[in-house]
>>> print(open('protein.csv').read())   # CSV, C-alpha atoms
chain,number,residue,atom,x,y,z
A,1,MET,CA,17.7,27.1,10.5
A,2,THR,CA,21.4,27.0,10.4
A,3,ARG,CA,23.2,25.1,7.6
A,4,ALA,CA,26.3,23.0,8.1
A,5,GLN,CA,29.3,24.9,6.9
A,6,ALA,CA,31.6,23.4,4.4
A,7,GLY,CA,34.5,21.7,6.1
A,8,ALA,CA,32.7,21.5,9.4
A,9,PRO,CA,33.4,18.3,11.4
A,10,ARG,CA,31.1,15.5,10.3
A,11,ASP,CA,29.7,14.9,13.7
A,12,ALA,CA,26.2,13.4,13.7
A,13,GLY,CA,24.9,15.8,16.3
A,14,LYS,CA,26.4,18.9,14.8
A,15,ARG,CA,25.0,18.9,11.3
A,16,THR,CA,21.6,20.5,10.9
A,17,GLY,CA,19.2,21.3,8.2
A,18,LEU,CA,18.3,19.3,5.1
A,19,ARG,CA,21.9,18.8,4.1
A,20,ALA,CA,22.6,16.8,7.2
A,21,TRP,CA,20.5,13.9,5.8
A,22,LEU,CA,22.2,13.7,2.4
A,23,PRO,CA,25.2,11.6,3.5
A,24,LEU,CA,22.8,9.0,4.7
A,25,LEU,CA,21.9,8.1,1.2
A,26,ARG,CA,24.3,5.7,-0.5
A,27,PRO,CA,24.8,5.7,-4.3
A,28,GLY,CA,22.4,2.8,-4.9
A,29,ASP,CA,19.8,4.5,-2.8
A,30,TRP,CA,19.6,7.3,-5.3
A,31,LEU,CA,19.0,4.7,-8.0
A,32,THR,CA,16.2,3.1,-5.9
A,33,VAL,CA,14.5,6.4,-5.1
A,34,GLY,CA,14.8,7.6,-8.7
A,35,SER,CA,13.3,4.4,-10.2
A,36,ALA,CA,10.6,4.4,-7.6
A,37,ALA,CA,9.8,8.0,-8.4
A,38,ALA,CA,9.7,7.2,-12.1
A,39,GLY,CA,7.4,4.3,-11.4
A,40,VAL,CA,5.0,6.5,-9.4
A,41,ALA,CA,5.0,9.0,-12.2
A,42,LEU,CA,4.1,6.3,-14.7
A,43,LEU,CA,1.3,5.0,-12.5
A,44,TRP,CA,-0.2,8.5,-12.3
A,45,LEU,CA,0.0,8.9,-16.0
A,46,ALA,CA,-1.5,5.5,-16.7
A,47,LEU,CA,-4.3,5.5,-14.1
A,48,GLY,CA,-4.7,9.0,-12.8
A,49,SER,CA,-5.3,11.2,-15.8
A,50,SER,CA,-7.9,9.4,-17.9
A,51,GLY,CA,-10.6,11.9,-19.1
A,52,PRO,CA,-14.3,11.7,-18.2
A,53,ALA,CA,-16.4,8.8,-19.3
A,54,GLN,CA,-18.4,9.4,-22.4
A,55,ARG,CA,-20.5,6.4,-23.3
A,56,ALA,CA,-22.1,3.4,-21.6
A,57,GLN,CA,-21.8,0.1,-23.4
A,58,ILE,CA,-24.2,-2.6,-22.4
A,59,ARG,CA,-23.4,-6.2,-23.3
A,60,ALA,CA,-25.6,-9.3,-23.0
A,61,GLY,CA,-24.1,-12.7,-23.6
A,62,GLY,CA,-20.9,-11.0,-24.8
A,63,ARG,CA,-22.7,-9.1,-27.6
A,64,LEU,CA,-23.0,-5.3,-27.5
A,65,VAL,CA,-26.7,-4.6,-27.3
A,66,ALA,CA,-26.7,-0.9,-26.6
A,67,GLU,CA,-24.3,2.1,-26.6
A,68,LEU,CA,-25.6,5.2,-25.0
A,69,PRO,CA,-24.0,8.6,-24.5
A,70,LEU,CA,-23.7,9.7,-20.9
A,71,THR,CA,-25.6,12.9,-21.6
A,72,ILE,CA,-29.2,11.8,-21.6
A,73,ARG,CA,-31.0,10.2,-18.7
A,74,LYS,CA,-32.3,6.8,-19.8
A,75,THR,CA,-33.2,3.4,-18.4
A,76,VAL,CA,-32.6,0.3,-20.4
A,77,GLU,CA,-33.8,-3.2,-19.6
A,78,VAL,CA,-31.7,-6.1,-21.0
A,79,ALA,CA,-32.9,-9.7,-21.0
A,80,GLY,CA,-30.6,-12.5,-19.9
A,81,PRO,CA,-31.0,-16.1,-18.9
A,82,LEU,CA,-32.3,-15.2,-15.4
A,83,GLY,CA,-34.5,-12.3,-16.4
A,84,LEU,CA,-34.3,-8.6,-16.8
A,85,THR,CA,-31.3,-6.4,-15.8
A,86,ARG,CA,-32.2,-2.8,-15.5
A,87,ILE,CA,-29.5,-0.2,-16.3
A,88,GLU,CA,-29.8,3.5,-15.6
A,89,VAL,CA,-27.8,6.1,-17.5
A,90,GLU,CA,-27.5,9.7,-16.3
A,91,THR,CA,-25.3,12.6,-17.2
A,92,GLY,CA,-21.7,11.4,-16.6
A,93,ARG,CA,-22.6,8.2,-14.9
A,94,ALA,CA,-24.4,4.9,-15.2
A,95,ARG,CA,-25.3,2.0,-12.9
A,96,VAL,CA,-27.0,-1.4,-12.8
A,97,ALA,CA,-30.2,-0.5,-10.9
A,98,SER,CA,-31.5,-4.0,-10.6
A,99,ASP,CA,-30.5,-7.5,-11.5
A,100,PRO,CA,-31.9,-11.0,-10.9
A,101,GLY,CA,-28.5,-12.5,-10.0
A,102,PRO,CA,-28.1,-14.0,-6.5
A,103,ARG,CA,-25.1,-12.0,-5.2
A,104,GLN,CA,-25.9,-8.6,-6.6
A,105,TYR,CA,-22.2,-7.6,-7.0
A,106,CYS,CA,-23.0,-5.4,-10.0
A,107,VAL,CA,-25.9,-3.6,-8.3
A,108,ARG,CA,-23.9,-3.0,-5.1
A,109,GLN,CA,-21.1,-1.4,-7.2
A,110,GLY,CA,-23.4,1.6,-7.5
A,111,TRP,CA,-22.7,4.4,-9.9
A,112,LEU,CA,-19.8,4.1,-12.3
A,113,ASP,CA,-18.3,7.3,-13.6
A,114,ARG,CA,-14.8,6.5,-14.7
A,115,PRO,CA,-13.7,5.4,-18.2
A,116,ASN,CA,-13.1,1.6,-18.3
A,117,ALA,CA,-15.2,1.1,-15.2
A,118,ILE,CA,-17.2,-2.1,-15.5
A,119,ALA,CA,-20.0,-3.8,-13.7
A,120,ILE,CA,-20.5,-7.4,-14.6
A,121,CYS,CA,-23.7,-9.3,-13.7
A,122,ALA,CA,-22.2,-12.7,-14.4
A,123,PRO,CA,-25.2,-14.9,-13.6
A,124,ASN,CA,-27.4,-13.0,-16.0
A,125,GLU,CA,-24.5,-12.5,-18.6
A,126,VAL,CA,-25.0,-8.7,-18.7
A,127,SER,CA,-22.2,-6.2,-18.3
A,128,LEU,CA,-22.1,-2.4,-18.2
A,129,THR,CA,-18.8,-0.7,-19.3
A,130,LEU,CA,-18.0,3.0,-19.5
A,131,ALA,CA,-15.9,4.2,-22.4
A,132,GLY,CA,-13.8,7.3,-22.5
A,133,THR,CA,-12.5,9.4,-25.3
A,134,SER,CA,-10.5,6.8,-27.2
A,135,VAL,CA,-10.2,7.3,-30.9
A,136,HIS,CA,-11.0,3.7,-31.8
A,137,ASP,CA,-14.4,2.5,-30.7
A,138,THR,CA,-17.1,0.3,-32.2
A,139,VAL,CA,-18.4,3.2,-34.3
A,140,ASN,CA,-15.0,3.6,-36.1
A,141,TYR,CA,-14.7,0.0,-36.8
B,142,MET,CA,1.4,-22.0,45.7
B,143,THR,CA,3.2,-24.7,43.8
B,144,ARG,CA,5.9,-23.7,41.6
B,145,SER,CA,5.3,-24.1,37.9
B,146,THR,CA,7.1,-27.1,36.5
B,147,ILE,CA,7.4,-25.4,33.1
B,148,GLU,CA,10.2,-22.9,33.1
B,149,LEU,CA,10.5,-20.6,30.1
B,150,ILE,CA,14.0,-19.3,29.8
B,151,ALA,CA,14.1,-16.0,28.0
B,152,THR,CA,17.4,-15.7,26.2
B,153,GLU,CA,19.1,-12.4,25.7
B,154,GLN,CA,17.9,-12.5,22.1
B,155,ASP,CA,14.3,-13.0,23.2
B,156,GLN,CA,14.6,-9.9,25.5
B,157,ARG,CA,16.1,-7.9,22.7
B,158,ILE,CA,13.3,-8.8,20.3
B,159,ALA,CA,10.8,-7.9,23.0
B,160,ARG,CA,12.3,-4.5,23.6
B,161,TYR,CA,12.4,-3.7,19.9
B,162,ALA,CA,8.9,-5.0,19.4
B,163,ALA,CA,7.7,-2.8,22.3
B,164,ALA,CA,9.2,0.2,20.6
B,165,ALA,CA,7.6,-0.7,17.3
B,166,ILE,CA,4.2,-1.3,19.0
B,167,ALA,CA,4.4,2.1,20.7
B,168,LEU,CA,5.1,3.9,17.4
B,169,GLY,CA,2.3,2.0,15.7
B,170,VAL,CA,-0.2,2.9,18.4
B,171,ALA,CA,0.9,6.5,18.5
B,172,GLU,CA,0.6,6.7,14.8
B,173,ALA,CA,-3.0,5.4,14.9
B,174,ALA,CA,-3.9,8.7,16.6
B,175,ILE,CA,-2.7,10.8,13.6
B,176,PRO,CA,-5.6,11.7,11.4
B,177,SER,CA,-5.2,10.6,7.7
B,178,PRO,CA,-7.0,12.0,4.7
B,179,LEU,CA,-7.4,8.5,3.3
B,180,PRO,CA,-7.9,5.4,5.4
B,181,GLY,CA,-4.9,3.2,4.9
B,182,ILE,CA,-2.4,5.9,4.2
B,183,LYS,CA,-0.2,6.3,7.2
B,184,PRO,CA,3.6,6.9,7.7
B,185,GLY,CA,4.4,3.4,9.1
B,186,LEU,CA,6.8,4.7,11.6
B,187,ALA,CA,7.1,1.3,13.2
B,188,ASN,CA,9.0,0.2,10.2
B,189,ILE,CA,11.9,2.3,11.3
B,190,VAL,CA,12.3,-0.2,14.1
B,191,THR,CA,12.2,-3.1,11.6
B,192,LEU,CA,14.9,-1.4,9.5
B,193,VAL,CA,17.1,-0.9,12.5
B,194,VAL,CA,16.7,-4.5,13.6
B,195,LEU,CA,17.3,-5.7,10.1
B,196,ALA,CA,20.6,-3.8,9.9
B,197,ARG,CA,21.8,-4.8,13.4
B,198,HIS,CA,20.6,-8.3,13.9
B,199,GLY,CA,19.5,-9.7,10.5
B,200,TRP,CA,16.3,-10.7,8.8
B,201,ARG,CA,15.1,-13.3,11.2
B,202,GLU,CA,14.9,-10.9,14.2
B,203,ALA,CA,13.4,-8.2,12.0
B,204,ALA,CA,10.7,-10.7,11.0
B,205,TRP,CA,10.0,-11.6,14.7
B,206,VAL,CA,9.7,-7.9,15.7
B,207,THR,CA,7.4,-7.2,12.7
B,208,GLY,CA,5.2,-10.2,13.4
B,209,LEU,CA,4.9,-9.3,17.1
B,210,ARG,CA,4.2,-5.7,16.3
B,211,VAL,CA,1.3,-6.6,13.8
B,212,LEU,CA,-0.2,-9.0,16.3
B,213,ALA,CA,0.1,-7.0,19.5
B,214,GLY,CA,-0.6,-3.7,17.8
B,215,SER,CA,-3.9,-5.0,16.4
B,216,LEU,CA,-4.8,-6.3,19.8
B,217,LEU,CA,-4.2,-3.0,21.4
B,218,LEU,CA,-6.2,-1.1,18.8
B,219,GLY,CA,-9.0,-3.6,18.8
B,220,GLN,CA,-8.3,-4.5,15.2
B,221,PHE,CA,-7.4,-8.2,15.7
B,222,LEU,CA,-8.9,-10.4,13.0
B,223,ALA,CA,-10.7,-7.3,11.5
B,224,PRO,CA,-10.0,-6.5,7.8
B,225,GLY,CA,-7.4,-3.9,8.9
B,226,PHE,CA,-5.4,-6.6,10.7
B,227,PHE,CA,-5.3,-8.8,7.6
B,228,LEU,CA,-4.3,-5.9,5.4
B,229,SER,CA,-1.5,-5.0,7.8
B,230,LEU,CA,-0.4,-8.7,7.9
B,231,ALA,CA,-0.4,-8.9,4.1
B,232,GLY,CA,1.6,-5.7,3.9
B,233,ALA,CA,4.1,-6.9,6.6
B,234,LEU,CA,4.5,-10.4,4.9
B,235,ALA,CA,5.1,-8.8,1.5
B,236,SER,CA,7.6,-6.3,2.8
B,237,LEU,CA,9.5,-9.0,4.8
B,238,ALA,CA,9.7,-11.1,1.6
B,239,ALA,CA,11.0,-8.1,-0.3
B,240,LEU,CA,13.5,-7.4,2.5
B,241,ALA,CA,14.7,-11.0,2.5
B,242,ALA,CA,15.8,-10.4,-1.1
B,243,CYS,CA,17.1,-6.9,-0.4
B,244,VAL,CA,19.6,-8.0,2.3
B,245,ARG,CA,21.6,-9.6,-0.5
B,246,LEU,CA,22.2,-6.3,-2.1
B,247,PRO,CA,25.7,-4.9,-1.5
B,248,SER,CA,25.5,-2.7,1.6
B,249,ARG,CA,28.2,-0.4,0.3
B,250,TRP,CA,25.7,0.8,-2.4
B,251,PHE,CA,22.3,0.2,-0.9
B,252,GLY,CA,21.5,1.4,2.6
B,253,PRO,CA,18.4,1.6,4.8
B,254,VAL,CA,16.7,4.1,2.4
B,255,SER,CA,16.7,1.5,-0.4
B,256,MET,CA,15.4,-1.2,2.0
B,257,SER,CA,12.7,1.2,3.2
B,258,VAL,CA,11.5,2.3,-0.2
B,259,ILE,CA,11.4,-1.3,-1.6
B,260,ALA,CA,9.7,-2.6,1.5
B,261,ALA,CA,7.1,0.2,1.4
B,262,PHE,CA,6.2,-0.6,-2.2
B,263,ALA,CA,6.0,-4.3,-1.4
B,264,HIS,CA,3.8,-3.4,1.6
B,265,VAL,CA,1.3,-1.4,-0.6
B,266,GLY,CA,1.5,-4.1,-3.3
B,267,GLY,CA,0.6,-6.9,-0.8
B,268,GLN,CA,-2.2,-4.9,0.6
B,269,LEU,CA,-3.7,-4.1,-2.8
B,270,VAL,CA,-3.5,-7.7,-3.9
B,271,LEU,CA,-5.3,-8.8,-0.8
B,272,ALA,CA,-7.9,-6.0,-1.1
B,273,ARG,CA,-8.5,-7.0,-4.7
B,274,LEU,CA,-8.8,-10.7,-3.9
B,275,TRP,CA,-10.9,-10.4,-0.8
B,276,LEU,CA,-12.4,-7.0,0.2
B,277,VAL,CA,-13.2,-5.4,-3.1
B,278,PRO,CA,-13.5,-8.0,-5.8
B,279,HIS,CA,-13.1,-5.5,-8.6
B,280,ASP,CA,-10.2,-3.9,-10.5
B,281,ALA,CA,-11.3,-0.4,-9.3
B,282,VAL,CA,-9.1,-0.8,-6.2
B,283,PHE,CA,-6.1,-0.5,-8.5
B,284,LEU,CA,-7.2,3.0,-9.4
B,285,LEU,CA,-6.0,4.0,-5.9
B,286,SER,CA,-2.6,2.6,-6.6
B,287,PRO,CA,-1.0,5.9,-7.8
B,288,LEU,CA,-2.0,7.5,-4.5
B,289,PHE,CA,-0.7,4.6,-2.4
B,290,ALA,CA,2.5,4.4,-4.4
B,291,THR,CA,3.1,8.1,-3.8
B,292,ALA,CA,2.6,7.6,-0.1
B,293,ALA,CA,5.0,4.6,-0.2
B,294,LEU,CA,7.7,6.6,-1.9
B,295,LEU,CA,7.4,9.6,0.5
B,296,PHE,CA,7.2,7.6,3.7
B,297,GLY,CA,9.6,5.0,2.5
B,298,VAL,CA,12.3,7.7,2.0
B,299,VAL,CA,11.5,9.5,5.3
B,300,ASN,CA,11.5,6.2,7.4
B,301,GLY,CA,14.6,5.0,5.6
B,302,LEU,CA,16.4,8.3,6.5
B,303,ALA,CA,15.3,8.0,10.1
B,304,ALA,CA,16.6,4.5,10.3
B,305,ALA,CA,19.9,5.5,8.6
B,306,ARG,CA,20.3,8.3,11.2
B,307,PHE,CA,19.7,5.8,14.0
B,308,LEU,CA,22.3,3.4,12.6
B,309,GLU,CA,24.9,6.1,12.0
B,310,GLY,CA,26.7,5.3,15.3
B,311,ASP,CA,26.8,1.6,14.5
B,312,ALA,CA,29.6,2.0,12.0
B,313,ALA,CA,32.0,2.5,14.9
B,314,GLY,CA,31.3,-1.0,16.0
B,315,GLU,CA,29.1,-0.1,18.9
B,316,VAL,CA,25.7,-1.7,18.9
B,317,ARG,CA,23.1,0.1,20.9
B,318,HIS,CA,20.0,-1.5,22.4
B,319,PRO,CA,16.7,0.4,23.1
B,320,SER,CA,16.2,0.6,26.8
>>> encode(input="protein.csv", output="C-alpha cells")
Amino acid sequence: MTRAQAGAPRDAGKRTGLRAWLPLLRPGDWLTVGSAAAGVALLWLALGSSGPAQRAQIRAGGRLVAELPLTIRKTVEVAGPLGLTRIEVETGRARVASDPGPRQYCVRQGWLDRPNAIAICAPNEVSLTLAGTSVHDTVNY
Amino acid sequence: MTRSTIELIATEQDQRIARYAAAAIALGVAEAAIPSPLPGIKPGLANIVTLVVLARHGWREAAWVTGLRVLAGSLLLGQFLAPGFFLSLAGALASLAALAACVRLPSRWFGPVSMSVIAAFAHVGGQLVLARLWLVPHDAVFLLSPLFATAALLFGVVNGLAAARFLEGDAAGEVRHPS
C-alpha cells in the first residue's frame, strides 16, 4: 500500500492508505468518537466483567427464605399464594423448574448463571436471584 | 382502456428521493447476505445513503429515504411486520430523532462521522428499548449492550467516513445525484 507523501496535492483520488481518511474527520468528530469510545469502555466495565455467580437467593413475599451456594445440586420448594414454586440449584447455575403462575415467564427464562440475574414469578410472589462476589451481602449484615 | 383520471405528478424531489431510497434498499439487501456472528449486529451500510442525503438535502428527505428503505427493504427480505421489521423501524426512528438534533451542531466542527456515530448509538438504543419492552421483558437484554455499543462505534465511524468521502466533492458547490 502506498502512503500519500507529505506535500502531495490533496486530490481526493490520489491519496491512498489510512492517512487519506484522516482529513475527513473534523475537530468535533474526534470529540464525538472519543466520548463514544469512553462510553463503550465504561459499558464493558460495568456489564461485561462481573465475575461468576456464587449464591442463589430465593425470596417469597419479599422475604429471603433461602440462600444456597451454587456448588451443590439441590431442589427447593417454596410456598406462595398460588402453590409451590420449585427451584433447582446446580453448580454455577439455578432455575425455576416449575411454578403455578399463569404466564410462566420465570420458568421460561431457563437457567440463570450470571450475577444479578433474576427470575420473578410475580403471581406466586417468589423470586430467584443470583449473587456474585460482592463484599456486602446478607451474611455480613 | 380508459385513461386514469388520477394523475400523480412526481416532482423532481420525489424522483431524487426514490433514487436515493433505491440505493439504500440495494445496500440493505446486499448486507443481509453477509453472515453475522450475532443476529442484529450488521454494518448498516444503507445509513451511508441517509447521511449523504442529510448533508445534501436536509433532514426531511433523509427521513423519507430511511422510511422507504425500512419499508421496502423488509418487504424484499420477507421481514415485513416480523420482529426484525419493528426492531429496524425502532432503530431508524431513534436515529432520525437523534439526527434531527445533530443537524443543529456547527458543521465546521461536526461532520458526517459525528452524525453517523451518534445515529448508530441512537439506533442501538432504540432497538434495545423496544426489545426490553416487547420481545424480552427482562433486563438481561441490556447485558448485550456493550457488544451492541462496540458495533455501533465501529460501524458508525466506518459509515461516517464513507459518507464523508462521498460528500468530499460537494464542497466545490457541485451536487451529484445517484444515477
>>> interface_residues(input="protein.csv", of="chain A", to="chain B", cutoff="9 Å", atoms="only C-alpha atoms", output="PyMOL selection string")
chain A and resi 12+21-22+24-33+36-37+39-48+105+117-119
>>> atom_distance(input="protein.csv", atom1="atom CA of B:Val244", atom2="atom CA of B:Glu202")
13.1 Å
>>> residues_around(input="protein.csv", residues="stretch 267-276 of chain B", least_positions_apart="5", cutoff="9 Å", atoms="only C-alpha atoms", output="PyMOL selection string")
chain B and resi 224+227-236+262+281-283+285-286
>>> atom_distance(input="protein.csv", atom1="atom CA of B:His264", atom2="atom CA of B:Arg245")
19.0 Å
>>> residues_around(input="protein.csv", residues="A:Gly83", least_positions_apart="2", cutoff="9 Å", atoms="all atoms listed in the file", output="short mmCIF file (atom, residue, chain, number, x, y, z; two decimals) with C-alpha atoms, keeping the file's coordinate frame")
data_model
loop_
_atom_site.label_atom_id
_atom_site.label_comp_id
_atom_site.auth_asym_id
_atom_site.auth_seq_id
_atom_site.Cartn_x
_atom_site.Cartn_y
_atom_site.Cartn_z
CA VAL A 78 -31.70 -6.10 -21.00
CA ALA A 79 -32.90 -9.70 -21.00
CA GLY A 80 -30.60 -12.50 -19.90
CA PRO A 81 -31.00 -16.10 -18.90
CA THR A 85 -31.30 -6.40 -15.80
CA ASP A 99 -30.50 -7.50 -11.50
CA PRO A 100 -31.90 -11.00 -10.90
CA GLY A 101 -28.50 -12.50 -10.00
CA ASN A 124 -27.40 -13.00 -16.00
#
